[in-house]
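**Student:** I'm passing along data_4.txt; it holds compact mmCIF, C-alpha atoms and all ligand atoms.
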```txt
# COMPACT_ATOMS: atom_id res chain seq x y z
CA MET F 325 -0.03 14.16 14.99
CA ASN F 326 3.74 14.35 14.59
CA ALA F 327 4.98 17.53 12.87
CA THR F 328 6.47 15.64 9.93
CA THR F 329 3.26 13.94 8.82
CA THR F 330 1.16 15.21 5.95
CA ALA F 331 -0.98 18.07 7.17
CA ARG F 332 -4.56 16.97 7.51
CA ALA F 333 -6.16 20.34 8.21
CA ALA F 334 -9.29 20.51 6.11
CA ALA F 335 -10.01 23.49 3.92
CA PRO F 336 -13.72 24.06 4.59
CA LEU F 337 -16.23 23.29 1.87
CA PRO F 338 -18.07 26.54 1.06
CA PHE F 339 -21.51 25.32 2.10
CA GLU F 340 -23.64 27.81 0.20
CA ASP F 341 -22.11 27.01 -3.21
CA PHE F 342 -22.22 23.23 -3.01
CA ARG F 343 -24.47 21.68 -0.34
CA PRO F 344 -27.82 22.96 -1.64
CA ALA F 345 -26.95 22.22 -5.29
CA PRO F 346 -29.01 19.38 -6.80
CA ASP F 347 -27.03 16.19 -7.62
CA ALA F 348 -27.62 16.64 -11.36
CA ASP F 349 -26.06 20.11 -11.20
CA LEU F 350 -22.99 18.83 -9.30
CA GLU F 351 -22.62 15.91 -11.70
CA ALA F 352 -22.65 18.29 -14.69
CA ARG F 353 -20.00 20.49 -13.00
CA ILE F 354 -17.79 17.45 -12.33
CA GLU F 355 -18.14 16.28 -15.94
CA ALA F 356 -17.26 19.77 -17.18
CA VAL F 357 -13.97 19.81 -15.22
CA LYS F 358 -13.14 16.28 -16.37
CA ARG F 359 -13.60 17.39 -19.98
CA GLU F 360 -11.57 20.55 -19.46
CA LEU F 361 -8.60 18.87 -17.73
CA GLY F 362 -8.63 15.76 -19.92
CA ALA F 363 -5.74 13.32 -19.49
CA SER F 364 -3.90 15.63 -17.09
CA LEU F 365 -6.45 14.63 -14.43
CA LEU F 366 -6.72 11.11 -13.02
CA ILE F 367 -9.52 10.28 -10.60
CA LEU F 368 -8.83 7.14 -8.56
CA GLY F 369 -11.67 5.46 -6.66
CA HIS F 370 -11.54 2.81 -3.97
CA HIS F 371 -14.21 0.09 -4.17
CA TYR F 372 -15.83 1.29 -0.93
CA GLN F 373 -16.86 4.63 -2.40
CA GLN F 374 -20.54 5.33 -2.76
CA ASP F 375 -22.02 4.85 -6.26
CA GLU F 376 -22.60 8.55 -6.93
CA VAL F 377 -18.85 9.20 -6.52
CA ILE F 378 -17.23 6.07 -7.93
CA ARG F 379 -18.93 6.54 -11.28
CA PHE F 380 -16.54 9.45 -11.89
CA ALA F 381 -13.39 7.40 -11.18
CA ASP F 382 -11.11 6.71 -14.17
CA ILE F 383 -9.75 3.68 -12.33
CA ARG F 384 -11.36 1.68 -9.52
CA GLY F 385 -9.43 -0.75 -7.39
CA ASP F 386 -8.22 -2.11 -4.09
CA SER F 387 -5.28 -0.52 -2.27
CA LEU F 388 -2.66 -2.53 -4.17
CA LYS F 389 -4.04 -1.85 -7.64
CA LEU F 390 -4.50 1.86 -6.93
CA SER F 391 -0.99 2.25 -5.54
CA GLN F 392 0.49 0.44 -8.55
CA LEU F 393 -1.36 2.77 -10.90
CA ALA F 394 -0.64 6.01 -9.02
CA GLY F 395 2.42 6.82 -11.06
CA ALA F 396 1.55 5.09 -14.29
CA ARG F 397 0.12 7.67 -16.73
CA PRO F 398 2.69 9.97 -18.34
CA GLU F 399 0.19 12.76 -19.17
CA CYS F 400 -1.19 12.89 -15.61
CA ARG F 401 -0.44 16.02 -13.54
CA SER F 402 -3.16 15.77 -10.88
CA ILE F 403 -4.59 12.79 -9.03
CA VAL F 404 -7.87 13.29 -7.18
CA PHE F 405 -8.19 10.38 -4.80
CA CYS F 406 -11.70 9.25 -3.92
CA GLY F 407 -10.54 7.12 -1.02
CA VAL F 408 -9.02 7.84 2.38
CA HIS F 409 -5.99 9.77 3.54
CA PHE F 410 -3.42 6.94 3.64
CA MET F 411 -4.27 6.06 0.03
CA ALA F 412 -3.69 9.64 -1.12
CA GLU F 413 -0.40 9.72 0.80
CA THR F 414 0.69 6.48 -0.89
CA ALA F 415 -0.18 7.96 -4.28
CA ASP F 416 1.93 11.02 -3.44
CA VAL F 417 4.89 8.84 -2.44
CA LEU F 418 4.68 6.70 -5.58
CA SER F 419 3.80 9.28 -8.20
CA ARG F 420 6.27 11.43 -10.14
CA ASP F 421 7.40 14.79 -8.73
CA ASP F 422 5.33 16.67 -11.31
CA VAL F 423 2.08 15.03 -10.12
CA ALA F 424 0.04 16.54 -7.28
CA VAL F 425 -2.42 14.47 -5.23
CA TYR F 426 -5.66 15.80 -3.75
CA LEU F 427 -8.18 14.34 -1.30
CA PRO F 428 -11.61 15.97 -1.69
CA ASP F 429 -12.21 15.91 2.09
CA MET F 430 -9.18 15.84 4.40
CA ALA F 431 -11.36 14.39 7.16
CA ALA F 432 -11.59 11.15 5.15
CA GLY F 433 -9.16 9.21 7.34
CA CYS F 434 -9.01 5.56 8.39
CA SER F 435 -9.71 4.72 12.02
CA MET F 436 -7.44 1.68 11.78
CA ALA F 437 -4.52 3.73 10.42
CA ASP F 438 -4.99 6.10 13.37
CA MET F 439 -4.44 3.20 15.82
CA ALA F 440 -0.66 3.20 15.24
CA ASP F 441 1.40 6.39 15.32
CA LEU F 442 5.14 6.80 14.87
CA ASP F 443 5.86 7.62 18.52
CA SER F 444 4.13 4.47 19.81
CA VAL F 445 5.77 2.24 17.20
CA GLU F 446 9.21 3.68 17.99
CA ALA F 447 8.56 3.17 21.72
CA ALA F 448 7.55 -0.45 21.06
CA TRP F 449 10.69 -0.95 18.95
CA SER F 450 12.92 0.30 21.80
CA ASP F 451 11.08 -1.86 24.36
CA LEU F 452 11.57 -4.89 22.13
CA ALA F 453 15.25 -4.04 21.67
CA GLU F 454 15.75 -4.47 25.42
CA LEU F 455 14.62 -8.07 25.21
CA ILE F 456 15.29 -9.41 21.75
CA ASP F 457 17.56 -8.66 18.81
CA VAL F 458 15.54 -6.23 16.68
CA GLU F 459 17.97 -6.77 13.80
CA ASP F 460 16.14 -10.07 13.58
CA VAL F 461 12.67 -8.44 13.43
CA THR F 462 11.12 -7.19 10.17
CA PRO F 463 8.64 -4.35 10.65
CA VAL F 464 5.69 -4.89 8.31
CA THR F 465 3.09 -2.20 7.94
CA TYR F 466 -0.29 -2.72 6.35
CA ILE F 467 -0.77 -0.07 3.68
CA ASN F 468 -3.56 1.31 5.91
CA SER F 469 -1.04 3.40 7.86
CA THR F 470 0.54 6.83 7.74
CA ALA F 471 3.45 7.56 5.41
CA GLU F 472 5.58 8.01 8.55
CA LEU F 473 5.10 4.36 9.47
CA LYS F 474 5.95 3.29 5.95
CA ALA F 475 9.10 5.40 6.35
CA PHE F 476 9.86 3.68 9.67
CA CYS F 477 9.70 0.35 7.83
CA GLY F 478 11.89 1.74 5.08
CA ARG F 479 14.56 2.72 7.61
CA HIS F 480 14.49 -0.63 9.43
CA GLY F 481 14.66 -3.06 6.51
CA GLY F 482 10.89 -3.45 6.59
CA ILE F 483 8.12 -3.55 4.04
CA VAL F 484 4.50 -2.61 3.31
CA CYS F 485 1.73 -5.11 2.59
CA THR F 486 -1.84 -4.90 1.37
CA SER F 487 -4.72 -7.30 1.86
CA SER F 488 -3.87 -8.94 -1.49
CA ASN F 489 -0.20 -9.65 -0.91
CA ALA F 490 0.17 -10.07 2.88
CA ARG F 491 1.11 -13.75 2.49
CA LYS F 492 3.81 -13.02 -0.07
CA VAL F 493 5.15 -10.18 2.09
CA LEU F 494 5.30 -12.27 5.26
CA ASP F 495 7.01 -15.08 3.33
CA TRP F 496 9.60 -12.49 2.26
CA ALA F 497 9.96 -11.20 5.82
CA PHE F 498 10.35 -14.64 7.44
CA ALA F 499 12.87 -15.71 4.80
CA ARG F 500 15.13 -12.87 5.99
CA ARG F 501 14.55 -12.54 9.70
CA ARG F 502 13.14 -14.71 12.46
CA ARG F 503 10.35 -12.39 13.61
CA ALA F 504 7.93 -9.75 12.30
CA LEU F 505 6.32 -6.75 13.97
CA PHE F 506 3.02 -6.30 12.12
CA PHE F 507 0.93 -3.12 12.39
CA PRO F 508 -1.68 -1.70 12.61
CA ASP F 509 -4.18 -4.53 11.86
CA GLN F 510 -3.86 -7.49 14.19
CA HIS F 511 -6.48 -9.44 12.21
CA LEU F 512 -4.77 -9.30 8.82
CA GLY F 513 -1.51 -10.23 10.55
CA ARG F 514 -3.03 -13.13 12.50
CA ASN F 515 -5.06 -14.49 9.58
CA THR F 516 -2.05 -14.42 7.30
CA ALA F 517 0.41 -15.91 9.80
CA ARG F 518 -2.11 -18.62 10.67
CA ALA F 519 -2.51 -19.56 7.01
CA MET F 520 1.30 -19.90 6.90
CA GLY F 521 1.24 -22.31 9.83
CA VAL F 522 2.56 -20.02 12.59
CA PRO F 523 1.09 -21.43 15.84
CA LEU F 524 -1.11 -19.10 17.89
CA ASP F 525 1.19 -19.37 20.89
CA GLU F 526 3.95 -17.79 18.79
CA MET F 527 1.79 -14.74 18.07
CA ILE F 528 1.48 -11.99 20.65
CA VAL F 529 -0.66 -8.86 20.64
CA TRP F 530 1.12 -5.58 21.40
CA ASP F 531 -1.07 -3.09 23.25
CA PRO F 532 0.81 0.24 23.00
CA ARG F 533 -0.81 1.53 26.21
CA ARG F 534 0.60 -1.27 28.38
CA GLU F 535 4.07 -2.06 29.59
CA LEU F 536 5.83 -4.45 27.19
CA GLY F 537 2.62 -4.32 25.14
CA GLY F 538 0.89 -6.30 27.90
CA ASN F 539 3.19 -9.32 27.45
CA SER F 540 5.58 -11.22 29.65
CA PRO F 541 9.27 -11.21 28.66
CA ARG F 542 8.96 -14.96 28.07
CA ALA F 543 6.06 -14.49 25.62
CA VAL F 544 8.02 -11.83 23.70
CA GLU F 545 11.07 -14.11 23.46
CA LYS F 546 8.92 -16.98 22.18
CA SER F 547 7.02 -14.87 19.61
CA ARG F 548 7.43 -15.14 15.83
CA ILE F 549 4.96 -12.38 15.06
CA ILE F 550 4.06 -9.37 17.18
CA LEU F 551 0.61 -8.09 16.22
CA TRP F 552 -0.25 -4.47 16.90
CA ARG F 553 -3.52 -4.04 18.76
CA GLY F 554 -5.42 -2.35 15.92
CA HIS F 555 -8.51 -3.28 13.97
CA CYS F 556 -11.01 -2.02 11.43
CA SER F 557 -14.18 -0.77 13.06
CA VAL F 558 -16.19 -1.86 10.01
CA HIS F 559 -14.89 -5.43 9.71
CA GLN F 560 -14.98 -6.13 13.45
CA MET F 561 -18.78 -6.03 13.19
CA PHE F 562 -18.89 -9.39 11.38
CA LYS F 563 -19.26 -12.33 13.78
CA PRO F 564 -19.07 -16.14 13.44
CA ALA F 565 -22.76 -16.26 14.48
CA HIS F 566 -23.65 -14.34 11.29
CA VAL F 567 -21.92 -17.01 9.20
CA ALA F 568 -23.74 -19.77 11.14
CA GLN F 569 -27.12 -18.05 10.64
CA PHE F 570 -26.64 -17.84 6.87
CA ARG F 571 -25.47 -21.45 6.64
CA GLU F 572 -28.51 -22.63 8.59
CA ARG F 573 -30.89 -20.60 6.43
CA SER F 574 -29.25 -21.52 3.06
CA PRO F 575 -27.05 -24.66 3.24
CA GLY F 576 -25.52 -24.09 -0.25
CA ILE F 577 -24.45 -20.50 0.44
CA LYS F 578 -20.81 -19.41 0.02
CA VAL F 579 -19.34 -17.03 2.57
CA LEU F 580 -16.74 -14.56 1.26
CA VAL F 581 -14.96 -12.17 3.63
CA HIS F 582 -12.18 -9.59 3.79
CA PRO F 583 -9.05 -10.55 5.82
CA GLU F 584 -9.58 -7.61 8.19
CA CYS F 585 -12.33 -9.76 9.77
CA SER F 586 -11.47 -11.68 12.93
CA MET F 587 -9.79 -15.09 12.73
CA GLU F 588 -13.02 -16.78 13.88
CA VAL F 589 -14.97 -15.23 11.00
CA VAL F 590 -12.24 -16.01 8.44
CA GLU F 591 -12.08 -19.63 9.61
CA ALA F 592 -15.86 -19.99 9.34
CA ALA F 593 -15.88 -18.49 5.81
CA ASP F 594 -15.32 -20.32 2.50
CA LEU F 595 -13.17 -17.66 0.85
CA VAL F 596 -11.11 -14.70 2.00
CA GLY F 597 -9.48 -11.88 0.05
CA SER F 598 -9.10 -8.20 -0.77
CA THR F 599 -11.88 -6.03 -2.18
CA GLU F 600 -10.60 -6.67 -5.73
CA TYR F 601 -10.62 -10.43 -5.05
CA ILE F 602 -14.14 -10.23 -3.64
CA LEU F 603 -15.34 -8.36 -6.71
CA LYS F 604 -13.69 -10.76 -9.17
CA THR F 605 -15.00 -13.81 -7.28
CA ILE F 606 -18.57 -12.52 -7.48
CA GLU F 607 -18.16 -11.59 -11.16
CA ALA F 608 -16.94 -15.11 -11.96
CA ALA F 609 -19.63 -16.88 -9.89
CA PRO F 610 -22.33 -18.80 -11.78
CA ALA F 611 -25.83 -17.39 -12.14
CA GLY F 612 -28.10 -18.66 -9.39
CA SER F 613 -25.30 -18.92 -6.81
CA GLU F 614 -25.84 -17.46 -3.35
CA TRP F 615 -23.30 -15.45 -1.37
CA ALA F 616 -22.95 -13.82 2.04
CA VAL F 617 -20.22 -11.18 1.86
CA GLY F 618 -18.36 -9.70 4.83
CA THR F 619 -16.97 -6.35 3.76
CA GLU F 620 -18.04 -2.72 3.52
CA LEU F 621 -21.71 -2.10 2.75
CA HIS F 622 -21.41 0.11 -0.34
CA LEU F 623 -19.34 -2.49 -2.19
CA VAL F 624 -21.71 -5.33 -1.26
CA ASN F 625 -24.80 -3.33 -2.27
CA ARG F 626 -23.20 -2.38 -5.58
CA MET F 627 -22.30 -6.01 -6.37
CA ALA F 628 -25.87 -7.07 -5.51
CA LYS F 629 -27.25 -4.41 -7.88
CA GLU F 630 -24.83 -5.28 -10.70
CA HIS F 631 -25.41 -9.05 -10.46
CA PRO F 632 -29.18 -9.54 -10.18
CA ASP F 633 -28.73 -13.13 -11.43
CA LYS F 634 -26.91 -14.02 -8.16
CA ALA F 635 -28.24 -13.75 -4.60
CA ILE F 636 -25.78 -11.52 -2.73
CA HIS F 637 -26.34 -10.81 0.95
CA PHE F 638 -24.56 -8.57 3.41
CA LEU F 639 -23.09 -10.82 6.13
CA SER F 640 -24.06 -8.72 9.15
CA PRO F 641 -27.55 -7.63 10.23
CA MET F 642 -25.96 -4.29 11.25
CA VAL F 643 -25.04 -1.44 8.92
CA CYS F 644 -21.23 -1.70 8.55
CA MET F 645 -20.10 1.15 6.37
CA CYS F 646 -16.84 3.04 6.25
CA ALA F 647 -17.99 6.42 7.55
CA THR F 648 -14.74 8.11 6.56
CA MET F 649 -14.85 6.95 2.91
CA TYR F 650 -18.41 8.23 2.88
CA ARG F 651 -17.17 11.76 3.53
CA ILE F 652 -16.13 11.94 -0.12
CA ASP F 653 -19.41 13.05 -1.63
CA LEU F 654 -20.53 14.95 -4.73
CA PRO F 655 -20.21 18.43 -3.15
CA HIS F 656 -16.61 17.76 -2.02
CA LEU F 657 -15.62 16.21 -5.34
CA ALA F 658 -17.11 19.10 -7.35
CA TRP F 659 -15.47 21.68 -5.07
CA CYS F 660 -12.06 19.99 -5.26
CA LEU F 661 -12.21 19.67 -9.06
CA GLU F 662 -13.46 23.20 -9.73
CA ASN F 663 -10.67 24.67 -7.62
CA LEU F 664 -8.14 22.56 -9.45
CA ALA F 665 -9.41 23.78 -12.82
CA ARG F 666 -9.42 27.40 -11.55
CA GLY F 667 -5.78 27.17 -10.46
CA THR F 668 -6.63 27.51 -6.75
CA PRO F 669 -6.21 23.86 -5.66
CA VAL F 670 -7.45 22.75 -2.24
CA ASN F 671 -6.61 19.75 -0.04
CA ARG F 672 -3.30 18.76 -1.56
CA VAL F 673 -1.74 15.75 0.19
CA LEU F 674 1.98 16.36 0.27
CA VAL F 675 4.24 13.97 2.15
CA PRO F 676 7.46 15.68 3.35
CA GLU F 677 10.49 14.77 1.23
CA ASP F 678 12.45 12.97 3.98
CA VAL F 679 9.43 10.83 4.91
CA LYS F 680 8.72 10.19 1.24
CA ALA F 681 12.20 8.82 0.51
CA SER F 682 12.06 6.18 3.27
CA ALA F 683 8.38 5.37 2.66
CA ARG F 684 9.17 4.78 -1.01
CA GLU F 685 11.81 2.27 0.05
CA SER F 686 9.35 0.03 1.95
CA LEU F 687 6.73 0.39 -0.81
CA ARG F 688 9.34 -0.45 -3.43
CA ARG F 689 10.22 -3.68 -1.59
CA MET F 690 6.54 -4.62 -1.69
CA LEU F 691 6.00 -3.71 -5.34
CA GLU F 692 9.11 -5.68 -6.37
CA LEU F 693 7.46 -8.82 -5.03
CA GLY F 694 5.06 -8.47 -7.98
P1 LIG L 1 -8.36 -3.47 0.04
O1 LIG L 1 -6.92 -3.27 -0.22
O2 LIG L 1 -8.77 -4.90 0.09
O3 LIG L 1 -9.19 -2.68 -0.89
O4 LIG L 1 -8.67 -2.96 1.51
C1 LIG L 1 -8.58 -1.62 1.87
C2 LIG L 1 -9.35 -1.34 3.06
O5 LIG L 1 -9.23 -0.32 3.69
C3 LIG L 1 -10.26 -2.37 3.52
O6 LIG L 1 -10.83 -1.99 4.69
FE1 LIG L 2 -10.00 1.98 7.33
FE2 LIG L 2 -11.78 0.04 7.90
FE3 LIG L 2 -12.50 2.16 6.39
FE4 LIG L 2 -10.83 0.27 5.43
S1 LIG L 2 -12.99 0.02 6.00
S2 LIG L 2 -10.59 2.49 5.24
S3 LIG L 2 -9.67 -0.23 7.30
S4 LIG L 2 -11.88 2.20 8.57
```
Can you give me the file's structure in the form of structure tokens?
**Tutor:**
Amino acid sequence: MNATTTARAAAPLPFEDFRPAPDADLEARIEAVKRELGASLLILGHHYQQDEVIRFADIRGDSLKLSQLAGARPECRSIVFCGVHFMAETADVLSRDDVAVYLPDMAAGCSMADMADLDSVEAAWSDLAELIDVEDVTPVTYINSTAELKAFCGRHGGIVCTSSNARKVLDWAFARRRRALFFPDQHLGRNTARAMGVPLDEMIVWDPRRELGGNSPRAVEKSRIILWRGHCSVHQMFKPAHVAQFRERSPGIKVLVHPECSMEVVEAADLVGSTEYILKTIEAAPAGSEWAVGTELHLVNRMAKEHPDKAIHFLSPMVCMCATMYRIDLPHLAWCLENLARGTPVNRVLVPEDVKASARESLRRMLELG
């Protein structure tokens, strides 16, 4: 990791004090800290968190909603983020200077975010500059990326997107410049550009380990969108065959997937959208309707439990769960909160000031789109 990124060294959980404690004991300790710290503490929870953790979140949401709310409460002094590292970094960039952000387990990363680092993106940018005018390329980073990459976008007239606003962001980008470099998720980039009518032969995939990303100079010159070769290990498990199996078994079923799924899965589905969209769609669905949902397992299981009047199935026969989100558990949450209350905080996520200023710029461009 580059020296300017947020340190991700984990303070170790003291095993003897937390691991053997019964859940009820840990829950009572978490409640006690919440009562003690009151409105100065804000616990944010991403929809993929396990039930035992998300029930303590003051606000639940997708990446866009949580980043919009990170700086919103005037009384808040501490944000404990039950999510993954890039979300906590984003909260640190967007929150006021007198707010500190904590991640209960620093090992809660995102394997997709780790697929693009600053050095490789800068190398790709210089390679592209030898062939095309990079002043005519907008760098667009999915929010699932390090603060350093958001800062790179900030410095180069670029922007951040989330799964809920990728279309709006790419519209903005193409209205200004001819091309976009989209990282780290090739699938969100391809699905969005395809919905906008960009032909597949004007999309190239950039593999950072290969010369010119594995492309010919001609293909680079022809491209409108350059898709970084990254993906989500959870969403890549959903296949078009799973959609076909459900349709054969239940002809009236609706298939609802996250845009991190492959283009083939998205095209076979009925509806596509962010975790917040998925949740709202299921909430609004009529009783008796049947759904196959392609996103992280904890969210799908929770929706199935909360809507017993609807038949909600997990799209894949495999277990597709976000193992890094799952690292945030009751022992880590209790440990993080008790240290905060004691005045010995652990696992603060602190983005360096210079990175923060440029990252805020690309996030601001996104948030201004509404
Ligand atoms: P959402 O913004 O849709 O919640 O997605 C975040 C994420 O990491 C999905 O894998
Ligand atoms: Fe990252 Fe995929 Fe987990 Fe989302 S589900 S946080 S993209 S690894």
**Student:** Using all atoms listed in the file, which protein or nucleic acid residues come within 10 Å of segment 371-388 of chain F? Drop anything in the same chain fewer than 2 positions from it, and give the result as a PyMOL selection string.
**Tutor:** chain F and resi 347+351+354-355+358+365-369+390-394+404-408+410-411+414+467-468+485-489+598-601+603+619-626+645-646+648-657+690-691
**Student:** Any idea what's packed within 12 Å of segment 447-454 of chain F, counting only C-alpha atoms, ignoring anything in its chain fewer than 6 positions away? Could you give it as an NGL selection string?
**Tutor:** :F and (440-441 or 460-463 or 476-477 or 480 or 503-507 or 529-545 or 547 or 550-553)
**Student:** Here's a test: counting all atoms listed in the file, identify every protein, DNA and RNA residue with an atom at most 6 Å from (11.6, 8.4, 7.2) in the file's coordinate frame, and state them as a list in words.
**Tutor:** Ala475, Phe476, Asp678, Val679 and Ser682 of chain F
**Student:** Since we have the selection now, will you write its residues out, keeping C-alpha atoms, as a short mmCIF file (atom, residue, chain, number, x, y, z; two decimals), in the frame of the given file?
**Tutor:**
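Listed below is the output, out-v2.cif:
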```cif
data_model
loop_
_atom_site.label_atom_id
_atom_site.label_comp_id
_atom_site.auth_asym_id
_atom_site.auth_seq_id
_atom_site.Cartn_x
_atom_site.Cartn_y
_atom_site.Cartn_z
CA ALA F 475 9.10 5.40 6.35
CA PHE F 476 9.86 3.68 9.67
CA ASP F 678 12.45 12.97 3.98
CA VAL F 679 9.43 10.83 4.91
CA SER F 682 12.06 6.18 3.27
#
```
**Student:** Quick one: contact table of chain F to ligand LIG 2 (chain L), 6 Å max, nearest atom pair and distance in Å to one decimal per residue, counting only C-alpha atoms and all ligand atoms, chain and number order, as CSV?
**Tutor:**
```
residue,atom,partner,partner_atom,distance
F:Cys434,CA,L:LIG2,FE1,3.9
F:Ser435,CA,L:LIG2,S4,4.8
F:Met436,CA,L:LIG2,FE1,5.1
F:Cys556,CA,L:LIG2,FE2,4.2
F:Ser557,CA,L:LIG2,FE2,5.7
F:Val558,CA,L:LIG2,FE2,5.2
F:Cys646,CA,L:LIG2,FE3,4.4
```
**Student:** Determine the nearest neighbour of ligand LIG 1 (chain L) from the options F:Met587, F:Ile483, F:Cys644, F:Ala681, counting only C-alpha atoms and all ligand atoms.
**Tutor:** F:Cys644
**Student:** With only C-alpha atoms and all ligand atoms as the basis for distance, which of F:Asp495, F:Asp416, F:Glu572, F:Glu584 is at the shortest distance from ligand LIG 1 (chain L)?
**Tutor:**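 Among the listed residues, F:Glu584 lies closest to ligand LIG 1 (chain L).
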**Student:** Padding 4 Å on every side, please: axis-aligned box over the listed atoms of segment 469-481 of chain F, centre and edge lengths to one decimal in Å, as AutoDock Vina command-line options.
**Tutor:**
```
--center_x 6.8 --center_y 2.5 --center_z 7.4 --size_x 23.7 --size_y 19.1 --size_z 12.6
```
**Student:** Mind giving me the straight-line distance from atom CA of Phe342 of chain F to atom CA of Arg666 of chain F in Å, one decimal?
**Tutor:**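 We find that atom CA of Phe342 of chain F and atom CA of Arg666 of chain F lie 15.9 Å from each other.
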**Student:** Kindly give the distance, in Å, that separates atom CA of Ser469 of chain F and atom CA of Asp421 of chain F, rounded to a single decimal.
**Tutor:** 21.8 Å
**Student:** Please measure the separation of atom CA of Leu337 of chain F and atom CA of Trp659 of chain F, giving the value in Å to one decimal.
**Tutor:** 7.2 Å
**Student:** Can you list, as a list of chain:residue names, every protein, DNA or RNA residue that comes within 9 Å of Leu639 of chain F when you count all atoms listed in the file, leaving out same-chain residues fewer than 2 positions away?
**Tutor:**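 Here the answer would be F:Phe562, F:Lys563, F:His566, F:Val567, F:Phe570, F:Val579, F:Leu580, F:Val581, F:Trp615, F:Ala616, F:Val617, F:Gly618, F:Thr619, F:His637, F:Pro641, F:Met642.
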**Student:** Please dump the current selection as an mmCIF file, in the frame of the given file; keep C-alpha atoms.
**Tutor:**
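Writing done, so here's again_21.cif:
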```
data_model
loop_
_atom_site.group_PDB
_atom_site.id
_atom_site.type_symbol
_atom_site.label_atom_id
_atom_site.label_comp_id
_atom_site.auth_asym_id
_atom_site.auth_seq_id
_atom_site.Cartn_x
_atom_site.Cartn_y
_atom_site.Cartn_z
ATOM 1 C CA PHE F 562 -18.890 -9.390 11.380
ATOM 2 C CA LYS F 563 -19.260 -12.330 13.780
ATOM 3 C CA HIS F 566 -23.650 -14.340 11.290
ATOM 4 C CA VAL F 567 -21.920 -17.010 9.200
ATOM 5 C CA PHE F 570 -26.640 -17.840 6.870
ATOM 6 C CA VAL F 579 -19.340 -17.030 2.570
ATOM 7 C CA LEU F 580 -16.740 -14.560 1.260
ATOM 8 C CA VAL F 581 -14.960 -12.170 3.630
ATOM 9 C CA TRP F 615 -23.300 -15.450 -1.370
ATOM 10 C CA ALA F 616 -22.950 -13.820 2.040
ATOM 11 C CA VAL F 617 -20.220 -11.180 1.860
ATOM 12 C CA GLY F 618 -18.360 -9.700 4.830
ATOM 13 C CA THR F 619 -16.970 -6.350 3.760
ATOM 14 C CA HIS F 637 -26.340 -10.810 0.950
ATOM 15 C CA PRO F 641 -27.550 -7.630 10.230
ATOM 16 C CA MET F 642 -25.960 -4.290 11.250
#
```
**Student:** From the options F:Arg343, F:Arg500, F:His582, F:Arg672, which residue's atoms come nearest to ligand LIG 1 (chain L), counting all atoms listed in the file?
**Tutor:**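 Nearest candidate to ligand LIG 1 (chain L) out of F:Arg343, F:Arg500, F:His582, F:Arg672: F:His582.
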**Student:** Using all atoms listed in the file for the distances, tell me which of F:Ser640, F:Ser402, F:Ser586, F:Ser444 is nearest to Leu427 of chain F.
**Tutor:** F:Ser402
**Student:** So, counting all atoms listed in the file, which residue among F:Arg688, F:Val589, F:Val643, F:Gln560 is closest to ligand LIG 1 (chain L)?
**Tutor:** F:Gln560
**Student:** Please provide as a list in words all residues within 12 Å of Ala356 of chain F, with the sequence filter that same-chain residues fewer than 4 positions apart are discarded (counting all atoms listed in the file).
**Tutor:**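 My reading of the contact set: Asp349, Leu350, Glu351, Ala352, Glu360, Leu361, Gly362, Phe380, Ala658, Leu661, Glu662 and Ala665 of chain F.
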**Student:** Tell me, as an MDAnalysis selection string, which residues lie within 9 Å of Ala490 of chain F, counting only C-alpha atoms; anything in the same chain fewer than 6 positions away does not count.
**Tutor:** chainID F and resid 466 484 512:513 516
**Student:** With C-alpha atoms retained, export the selected residues as a JSON list (two decimals), keeping the file's coordinate frame.
**Tutor:**
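Final file, part-v9.json:
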```json
[["chain", "number", "residue", "atom", "x", "y", "z"],
["F", 466, "TYR", "CA", -0.29, -2.72, 6.35],
["F", 484, "VAL", "CA", 4.50, -2.61, 3.31],
["F", 512, "LEU", "CA", -4.77, -9.30, 8.82],
["F", 513, "GLY", "CA", -1.51, -10.23, 10.55],
["F", 516, "THR", "CA", -2.05, -14.42, 7.30]]
```
**Student:** Could you tell me which of F:Asp422, F:Asp443, F:Glu340, F:Asp509 comes closest to ligand LIG 1 (chain L) if we count only C-alpha atoms and all ligand atoms?
**Tutor:**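 Result for the nearest residue to ligand LIG 1 (chain L): F:Asp509.
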**Student:** Could you give me, as a list in words, the residues that have an atom at most 12 Å away from the point (-28.7, -10.8, -12.0) in the coordinates of the file, using all atoms listed in the file?
**Tutor:**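 So the residues meeting the distance criterion are Ile606, Glu607, Ala609, Pro610, Ala611, Gly612, Ser613, Glu614, Arg626, Met627, Ala628, Lys629, Glu630, His631, Pro632, Asp633, Lys634, Ala635 and Ile636 of chain F.
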